[in-house]
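What follows is the content of my_file36.txt, which has compact mmCIF, C-alpha atoms:
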# COMPACT_ATOMS: atom_id res chain seq x y z
CA MET Y 1 7.79 136.76 -126.89
CA LYS Y 2 7.02 134.14 -129.54
CA GLN Y 3 9.54 134.12 -132.38
CA ASN Y 4 8.48 134.21 -136.02
CA PHE Y 5 9.91 131.16 -137.77
CA THR Y 6 8.45 131.89 -141.22
CA VAL Y 7 10.88 132.47 -144.06
CA ARG Y 8 10.73 136.09 -145.22
CA GLN Y 9 10.34 137.06 -148.85
CA GLY Y 10 13.73 136.86 -150.50
CA ALA Y 11 15.44 139.94 -151.91
CA LEU Y 12 15.86 138.08 -155.22
CA ASP Y 13 12.13 137.39 -155.72
CA GLY Y 14 11.07 138.90 -159.05
CA VAL Y 15 14.58 139.95 -160.09
CA GLU Y 16 14.79 137.42 -162.94
CA VAL Y 17 11.40 138.61 -164.20
CA PHE Y 18 12.53 142.24 -163.97
CA LEU Y 19 15.72 141.55 -165.92
CA SER Y 20 13.82 139.70 -168.65
CA VAL Y 21 11.30 142.53 -169.07
CA ALA Y 22 14.10 145.11 -169.06
CA HIS Y 23 16.04 143.15 -171.68
CA HIS Y 24 13.09 142.64 -174.06
CA ARG Y 25 11.30 145.90 -173.18
CA SER Y 26 8.21 143.74 -173.31
CA PHE Y 27 6.07 141.92 -170.75
CA ARG Y 28 4.82 139.54 -173.42
CA LYS Y 29 8.29 138.54 -174.66
CA ALA Y 30 9.45 138.09 -171.07
CA ALA Y 31 6.48 135.80 -170.46
CA VAL Y 32 7.44 133.68 -173.49
CA GLU Y 33 11.07 133.47 -172.38
CA LEU Y 34 10.18 132.44 -168.83
CA GLY Y 35 7.30 130.17 -169.81
CA VAL Y 36 4.60 131.94 -167.81
CA SER Y 37 1.60 134.12 -168.58
CA PRO Y 38 1.89 137.90 -169.13
CA SER Y 39 -0.38 138.44 -166.12
CA ALA Y 40 2.07 136.47 -163.94
CA ILE Y 41 4.87 138.73 -165.20
CA SER Y 42 2.85 141.84 -164.34
CA GLN Y 43 2.04 140.51 -160.88
CA ALA Y 44 5.72 139.72 -160.18
CA ILE Y 45 6.77 143.21 -161.27
CA ARG Y 46 4.09 144.85 -159.09
CA VAL Y 47 5.27 142.87 -156.05
CA LEU Y 48 8.91 143.78 -156.76
CA GLU Y 49 8.09 147.47 -157.18
CA THR Y 50 6.15 147.42 -153.91
CA ARG Y 51 9.07 145.83 -152.11
CA VAL Y 52 11.61 148.21 -153.65
CA GLY Y 53 9.36 151.20 -153.00
CA ALA Y 54 9.66 152.73 -156.46
CA ALA Y 55 8.24 152.31 -159.95
CA LEU Y 56 10.75 150.49 -162.13
CA PHE Y 57 8.98 150.62 -165.52
CA MET Y 58 7.15 153.20 -167.55
CA ARG Y 59 4.32 151.46 -169.42
CA THR Y 60 2.37 152.66 -172.42
CA THR Y 61 0.13 150.80 -174.82
CA ARG Y 62 2.99 150.63 -177.31
CA SER Y 63 6.20 150.33 -175.24
CA VAL Y 64 7.84 149.55 -171.95
CA GLY Y 65 10.75 151.61 -170.64
CA LEU Y 66 12.80 151.88 -167.47
CA THR Y 67 12.34 154.68 -164.98
CA GLU Y 68 15.42 156.29 -163.43
CA ALA Y 69 14.95 153.98 -160.43
CA GLY Y 70 14.62 151.09 -162.87
CA GLU Y 71 17.84 152.05 -164.65
CA ARG Y 72 19.74 152.15 -161.37
CA PHE Y 73 18.23 148.86 -160.27
CA PHE Y 74 19.06 147.27 -163.63
CA SER Y 75 22.69 148.50 -163.66
CA ARG Y 76 23.42 146.78 -160.35
CA ALA Y 77 21.02 143.86 -160.42
CA LYS Y 78 22.11 142.51 -163.82
CA PRO Y 79 25.81 141.79 -162.99
CA ALA Y 80 24.87 140.58 -159.50
CA PHE Y 81 22.27 138.17 -160.89
CA GLU Y 82 24.65 136.92 -163.57
CA GLU Y 83 27.28 136.28 -160.90
CA LEU Y 84 24.70 134.39 -158.86
CA ILE Y 85 23.83 132.24 -161.87
CA ALA Y 86 27.54 131.59 -162.46
CA ALA Y 87 27.93 130.61 -158.80
CA SER Y 88 25.01 128.20 -159.11
CA GLU Y 89 26.51 126.67 -162.24
CA ALA Y 90 29.88 126.27 -160.52
CA ALA Y 91 28.27 124.57 -157.52
CA ARG Y 92 26.13 122.40 -159.80
CA GLY Y 93 29.26 121.35 -161.69
CA LEU Y 94 30.90 120.20 -158.47
CA GLY Y 95 27.74 118.33 -157.58
CA GLN Y 96 27.62 116.50 -160.91
CA ARG Y 97 31.23 115.58 -161.77
CA PRO Y 98 34.45 114.85 -159.86
CA ALA Y 99 36.11 118.28 -159.66
CA GLY Y 100 37.27 120.88 -157.15
CA LEU Y 101 39.41 120.82 -154.01
CA LEU Y 102 39.48 117.61 -151.94
CA ARG Y 103 40.80 118.33 -148.42
CA LEU Y 104 42.05 115.42 -146.30
CA SER Y 105 43.24 115.42 -142.68
CA VAL Y 106 45.83 112.67 -142.19
CA PRO Y 107 48.55 111.59 -139.74
CA ARG Y 108 52.09 112.22 -140.92
CA ALA Y 109 52.99 108.52 -140.74
CA VAL Y 110 50.54 107.46 -143.46
CA VAL Y 111 51.67 110.00 -146.06
CA PRO Y 112 54.79 108.21 -147.39
CA ILE Y 113 53.62 104.61 -146.94
CA LEU Y 114 49.99 104.95 -147.99
CA LEU Y 115 48.97 108.27 -149.46
CA GLU Y 116 51.81 109.10 -151.84
CA PRO Y 117 51.21 106.16 -154.22
CA LEU Y 118 47.46 106.47 -153.81
CA ILE Y 119 47.39 110.22 -154.50
CA ALA Y 120 49.67 109.85 -157.52
CA SER Y 121 47.33 107.40 -159.24
CA PHE Y 122 44.24 109.35 -158.15
CA CYS Y 123 45.50 112.65 -159.57
CA GLN Y 124 46.24 110.96 -162.87
CA ALA Y 125 42.75 109.46 -162.96
CA TYR Y 126 40.95 112.69 -161.96
CA PRO Y 127 42.85 115.72 -163.28
CA GLU Y 128 40.02 118.13 -162.36
CA ILE Y 129 40.42 117.38 -158.65
CA GLU Y 130 43.03 119.13 -156.52
CA VAL Y 131 44.07 117.21 -153.40
CA GLU Y 132 45.11 119.08 -150.27
CA ILE Y 133 46.69 117.00 -147.49
CA ALA Y 134 46.87 118.47 -143.99
CA ALA Y 135 49.30 116.24 -142.08
CA SER Y 136 48.56 116.40 -138.37
CA GLU Y 137 48.15 113.98 -135.48
CA GLU Y 138 45.28 116.05 -134.12
CA LEU Y 139 41.79 114.59 -134.36
CA VAL Y 140 40.06 117.51 -136.05
CA ASP Y 141 36.37 118.25 -136.49
CA LEU Y 142 36.07 117.61 -140.23
CA ALA Y 143 33.01 119.79 -140.79
CA ALA Y 144 34.21 122.70 -138.64
CA GLU Y 145 37.67 122.72 -140.23
CA GLY Y 146 36.40 122.35 -143.79
CA PHE Y 147 37.77 118.87 -144.54
CA ASP Y 148 36.02 116.43 -146.86
CA ALA Y 149 37.43 113.38 -145.08
CA GLY Y 150 40.09 112.17 -142.68
CA ILE Y 151 42.41 109.18 -142.39
CA ARG Y 152 43.07 107.56 -139.02
CA MET Y 153 43.61 104.21 -137.38
CA GLY Y 154 40.33 102.44 -136.80
CA GLN Y 155 40.32 102.78 -133.01
CA PHE Y 156 40.31 106.58 -133.33
CA VAL Y 157 37.40 106.86 -135.79
CA ALA Y 158 34.19 108.02 -134.12
CA ALA Y 159 31.19 105.70 -134.27
CA ASP Y 160 29.04 108.25 -136.14
CA MET Y 161 31.46 108.39 -139.08
CA VAL Y 162 31.31 106.37 -142.30
CA ALA Y 163 34.58 104.40 -142.49
CA VAL Y 164 36.27 102.89 -145.56
CA ARG Y 165 39.15 100.48 -144.97
CA LEU Y 166 42.51 101.52 -146.43
CA THR Y 167 44.72 98.77 -144.99
CA PRO Y 168 44.32 95.29 -143.50
CA PRO Y 169 44.64 95.02 -139.70
CA PHE Y 170 48.25 95.24 -138.56
CA ARG Y 171 50.33 94.85 -135.42
CA PHE Y 172 51.94 97.44 -133.18
CA VAL Y 173 55.57 96.37 -132.89
CA THR Y 174 58.25 97.21 -130.34
CA VAL Y 175 61.54 98.03 -132.02
CA GLY Y 176 65.05 99.20 -131.17
CA SER Y 177 68.37 99.70 -132.95
CA ALA Y 178 71.44 97.48 -132.83
CA ALA Y 179 73.30 100.35 -131.14
CA TYR Y 180 70.69 100.46 -128.38
CA PHE Y 181 70.88 96.69 -127.82
CA LYS Y 182 74.64 96.89 -127.50
CA ARG Y 183 74.01 98.86 -124.33
CA HIS Y 184 70.89 97.03 -123.11
CA ALA Y 185 69.72 93.42 -123.03
CA GLN Y 186 66.70 92.66 -125.19
CA PRO Y 187 63.46 92.54 -123.16
CA LYS Y 188 61.81 89.12 -123.03
CA HIS Y 189 58.54 90.25 -121.40
CA PRO Y 190 56.71 93.61 -121.28
CA ASN Y 191 57.53 93.82 -117.57
CA ASP Y 192 61.21 94.09 -118.54
CA LEU Y 193 60.50 97.51 -120.05
CA GLN Y 194 60.79 99.06 -116.59
CA GLN Y 195 64.55 98.81 -117.10
CA HIS Y 196 64.49 100.31 -120.62
CA ALA Y 197 64.36 103.75 -122.20
CA CYS Y 198 60.99 103.93 -123.97
CA LEU Y 199 59.98 106.63 -126.43
CA ARG Y 200 56.49 107.90 -125.77
CA MET Y 201 53.70 109.51 -127.76
CA ARG Y 202 51.68 112.49 -126.57
CA ARG Y 203 48.16 112.37 -127.99
CA SER Y 204 46.31 115.42 -129.28
CA SER Y 205 44.32 115.41 -126.02
CA GLY Y 206 47.57 116.01 -124.13
CA ALA Y 207 47.67 112.56 -122.52
CA LEU Y 208 50.67 110.26 -122.85
CA ALA Y 209 49.72 107.12 -124.75
CA PRO Y 210 50.45 103.87 -122.88
CA TRP Y 211 51.99 100.92 -124.69
CA SER Y 212 49.68 97.99 -125.47
CA PHE Y 213 50.45 94.28 -125.40
CA ASN Y 214 48.65 90.99 -125.98
CA GLU Y 215 49.52 88.06 -123.74
CA ASN Y 216 47.67 84.85 -124.60
CA GLY Y 217 44.66 86.78 -125.91
CA HIS Y 218 44.60 89.21 -122.99
CA VAL Y 219 45.22 92.80 -124.13
CA PHE Y 220 46.66 95.12 -121.51
CA GLU Y 221 48.26 98.56 -121.37
CA MET Y 222 51.42 99.62 -119.62
CA ALA Y 223 52.82 103.02 -118.68
CA VAL Y 224 56.46 103.30 -119.72
CA SER Y 225 59.13 105.95 -119.21
CA GLY Y 226 62.06 107.24 -121.19
CA PRO Y 227 64.09 110.21 -122.36
CA MET Y 228 61.87 111.52 -125.14
CA ILE Y 229 58.23 112.35 -125.93
CA ALA Y 230 56.97 112.95 -129.49
CA ASN Y 231 53.59 113.69 -131.02
CA ASP Y 232 53.93 111.56 -134.15
CA PHE Y 233 55.22 108.12 -135.11
CA PRO Y 234 57.85 109.20 -137.70
CA THR Y 235 59.66 111.25 -135.04
CA MET Y 236 59.58 108.30 -132.61
CA LEU Y 237 60.80 105.96 -135.34
CA GLY Y 238 63.72 108.25 -136.23
CA ALA Y 239 64.77 108.48 -132.58
CA ALA Y 240 64.63 104.69 -132.25
CA ILE Y 241 66.85 104.28 -135.33
CA GLU Y 242 69.36 106.66 -133.72
CA GLY Y 243 69.45 104.48 -130.60
CA VAL Y 244 67.67 106.89 -128.25
CA GLY Y 245 65.37 104.15 -126.98
CA LEU Y 246 62.71 101.60 -127.81
CA ALA Y 247 59.59 102.61 -129.73
CA GLN Y 248 56.20 101.01 -130.20
CA VAL Y 249 54.89 101.89 -133.65
CA PRO Y 250 52.57 100.55 -136.37
CA GLU Y 251 54.29 97.67 -138.16
CA PRO Y 252 53.87 99.16 -141.69
CA ILE Y 253 56.01 102.22 -140.88
CA ALA Y 254 58.68 100.09 -139.20
CA ALA Y 255 58.82 97.50 -142.01
CA ALA Y 256 61.38 99.29 -144.22
CA PRO Y 257 63.86 100.13 -141.40
CA MET Y 258 63.60 96.53 -140.15
CA ARG Y 259 64.28 95.15 -143.64
CA ALA Y 260 67.26 97.48 -143.93
CA GLY Y 261 68.66 96.26 -140.60
CA ASN Y 262 68.28 99.66 -138.91
CA LEU Y 263 65.79 98.31 -136.39
CA MET Y 264 65.03 94.93 -134.86
CA GLN Y 265 61.79 93.79 -133.31
CA VAL Y 266 61.51 92.59 -129.73
CA LEU Y 267 58.59 91.27 -127.68
CA GLU Y 268 57.13 89.86 -130.90
CA PRO Y 269 54.81 87.32 -129.16
CA PHE Y 270 53.19 90.20 -127.27
CA ALA Y 271 52.54 92.51 -130.26
CA PRO Y 272 48.87 93.60 -130.28
CA MET Y 273 46.72 93.81 -133.41
CA THR Y 274 44.98 97.02 -134.46
CA PRO Y 275 41.99 97.41 -136.82
CA GLY Y 276 44.09 99.08 -139.52
CA VAL Y 277 43.82 102.48 -141.21
CA PHE Y 278 40.52 103.89 -142.46
CA LEU Y 279 39.28 106.79 -144.53
CA TYR Y 280 36.35 108.35 -142.69
CA TYR Y 281 33.83 111.10 -143.38
CA PRO Y 282 30.58 112.41 -141.85
CA SER Y 283 27.48 110.36 -142.57
CA ARG Y 284 25.58 112.23 -145.27
CA ARG Y 285 22.82 111.20 -147.61
CA GLN Y 286 24.71 112.71 -150.54
CA ILE Y 287 28.47 113.12 -150.79
CA MET Y 288 30.22 115.26 -153.36
CA PRO Y 289 31.44 113.50 -156.52
CA LYS Y 290 35.07 114.40 -155.72
CA LEU Y 291 34.92 112.41 -152.46
CA ARG Y 292 32.91 109.60 -154.08
CA ALA Y 293 35.60 109.36 -156.78
CA PHE Y 294 38.33 109.13 -154.13
CA ILE Y 295 36.45 106.44 -152.21
CA ASP Y 296 35.87 104.41 -155.39
CA HIS Y 297 39.55 104.81 -156.30
CA VAL Y 298 40.60 103.55 -152.87
CA LYS Y 299 38.26 100.57 -153.10
CA SER Y 300 39.42 99.63 -156.59
CA ARG Y 301 43.07 99.70 -155.52
CA GLU Y 302 42.33 97.63 -152.42
CA ASN Y 303 40.38 95.10 -154.49
CA ALA Y 304 43.27 94.82 -156.93
CA LYS Y 305 45.73 94.28 -154.06
CA SER Y 306 43.46 91.67 -152.49
CA GLU Y 307 43.16 89.78 -155.78
CA ALA Y 308 46.94 89.88 -156.22
CA ARG Y 309 47.46 88.52 -152.69
CA ASN Y 310 44.95 85.71 -153.21
CA LYS Y 311 46.09 84.77 -156.71
CA PRO Y 312 47.87 81.39 -156.66
CA HIS Y 313 51.51 81.52 -157.71
CA LYS Y 314 52.59 79.29 -160.58
CA LYS Y 315 55.20 76.73 -159.80
CA HIS Y 316 58.17 76.61 -162.14

Encoded form (structure tokens):
Amino acid sequence: MKQNFTVRQGALDGVEVFLSVAHHRSFRKAAVELGVSPSAISQAIRVLETRVGAALFMRTTRSVGLTEAGERFFSRAKPAFEELIAASEAARGLGQRPAGLLRLSVPRAVVPILLEPLIASFCQAYPEIEVEIAASEELVDLAAEGFDAGIRMGQFVAADMVAVRLTPPFRFVTVGSAAYFKRHAQPKHPNDLQQHACLRMRRSSGALAPWSFNENGHVFEMAVSGPMIANDFPTMLGAAIEGVGLAQVPEPIAAAPMRAGNLMQVLEPFAPMTPGVFLYYPSRRQIMPKLRAFIDHVKSRENAKSEARNKPHKKH
């Protein structure tokens, strides 16, 4: 049986006309208010009454009044229509200015090193926007889960997403604690890792992530083994600091512990580069002002950082 794909007459057709006539008790005044002819008002009311199945107005040559059916219709239609108008205004406001709830899906590791300073300055710049951060390693479906955007390393961003760079490319580094290296010799080549305790990452797909290395421009992966499996980098990093084993993590999250002397890097010549961290969102012709404001804020901060890095230092 062939389906009917035509759009049916909406239940709201003629309601605004009805409310205007009921308010003014006049077809002519309603026509002036709505900017149409009195005959158009009469036609709209006739169609509405036919659809409802009852007369809504009593008409005389001198006045217009509501029938009992009209009174009942008016008592329920008026607040419902006003609420609909308010809903439209609220949606229009979000479509015209940066406001509302901005939901971001992010990995735990980027929150302290990247998002906290960024969010602080963004919230100060846009007080009408609330930012909700869902920290998870899982690669979620942004649209299905109701997120405006996500943040991930570039290699995990799908090709059909719009990506905005948040960081420069960085290395994945292999690190261990001084306590660990008191018990084990430092590896000189990735093949030496067969004799080491390596902390591993379980991806959201359930697979164990191999470690990656770059030897003279040749990137290769290696399966490692060890006493612990985690599903996020901060947990792996903490275990490495405690001497549980070696960890391979993004260099930015290992930078502070290395500066503090809690971790030391090994296999440095073999550290592979990654594309960096990106903000990503579904490709749409029009994005909401709240997300546009966040993207512009990110870009302005990155531009300022880039200018600061490239600015020549004065010699004293």

Report the closest atom pair, with its distance in Å rounded to one decimal, for each residue of region 93-131 of chain Y that has an atom no farther than 9 Å from region 277-300 of chain Y; count only C-alpha atoms, sort by chain and then rising residue number, and write it as a tab-separated table.
residue	atom	partner	partner_atom	distance
Y:Leu94	CA	Y:Pro289	CA	7.0
Y:Gly95	CA	Y:Met288	CA	5.8
Y:Gln96	CA	Y:Pro289	CA	6.5
Y:Arg97	CA	Y:Pro289	CA	5.7
Y:Pro98	CA	Y:Lys290	CA	4.2
Y:Ala99	CA	Y:Lys290	CA	5.6
Y:Gly100	CA	Y:Lys290	CA	7.0
Y:Leu101	CA	Y:Lys290	CA	7.9
Y:Leu102	CA	Y:Lys290	CA	6.6
Y:Val110	CA	Y:Val277	CA	8.7
Y:Leu118	CA	Y:Val298	CA	7.5
Y:Ser121	CA	Y:His297	CA	8.7
Y:Phe122	CA	Y:His297	CA	6.8
Y:Ala125	CA	Y:His297	CA	8.7
Y:Tyr126	CA	Y:Ala293	CA	8.2
Y:Ile129	CA	Y:Lys290	CA	6.8

Six-sided padding of 3 Å per side, axis-aligned box over region 158-167 of chain Y, centre and edges in Å, one decimal, as JSON:
{"center_x": 36.9, "center_y": 103.6, "center_z": -140.3, "size_x": 21.7, "size_y": 15.6, "size_z": 18.3}

Item to check | Selected residue, from Y:Gly243, Y:Met161, Y:Gly226, Y:Pro252, that lies nearest to Lys182 (chain Y) when counting only C-alpha atoms | outcome: Y:Gly243

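Remark: for Val173 (chain Y), the closest of the candidate residues Y:Ala86, Y:Ala304, Y:Leu263, Y:Ala69 is Y:Leu263 (distances computed over all atoms listed in the file).
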
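By chain and then residue number, the residues within 12 Å of Ala40 (chain Y) are Gly14, Val17, Phe18, Phe27, Arg28, Ala30, Ala31, Val32, Leu34, Gly35, Ile45, Arg46 and Val47 of chain Y, counting all atoms listed in the file and disregarding those fewer than 5 positions away in sequence.
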
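In this model, the gap between CA of Leu237 (chain Y) and CA of Asn262 (chain Y) comes to 10.4 Å.
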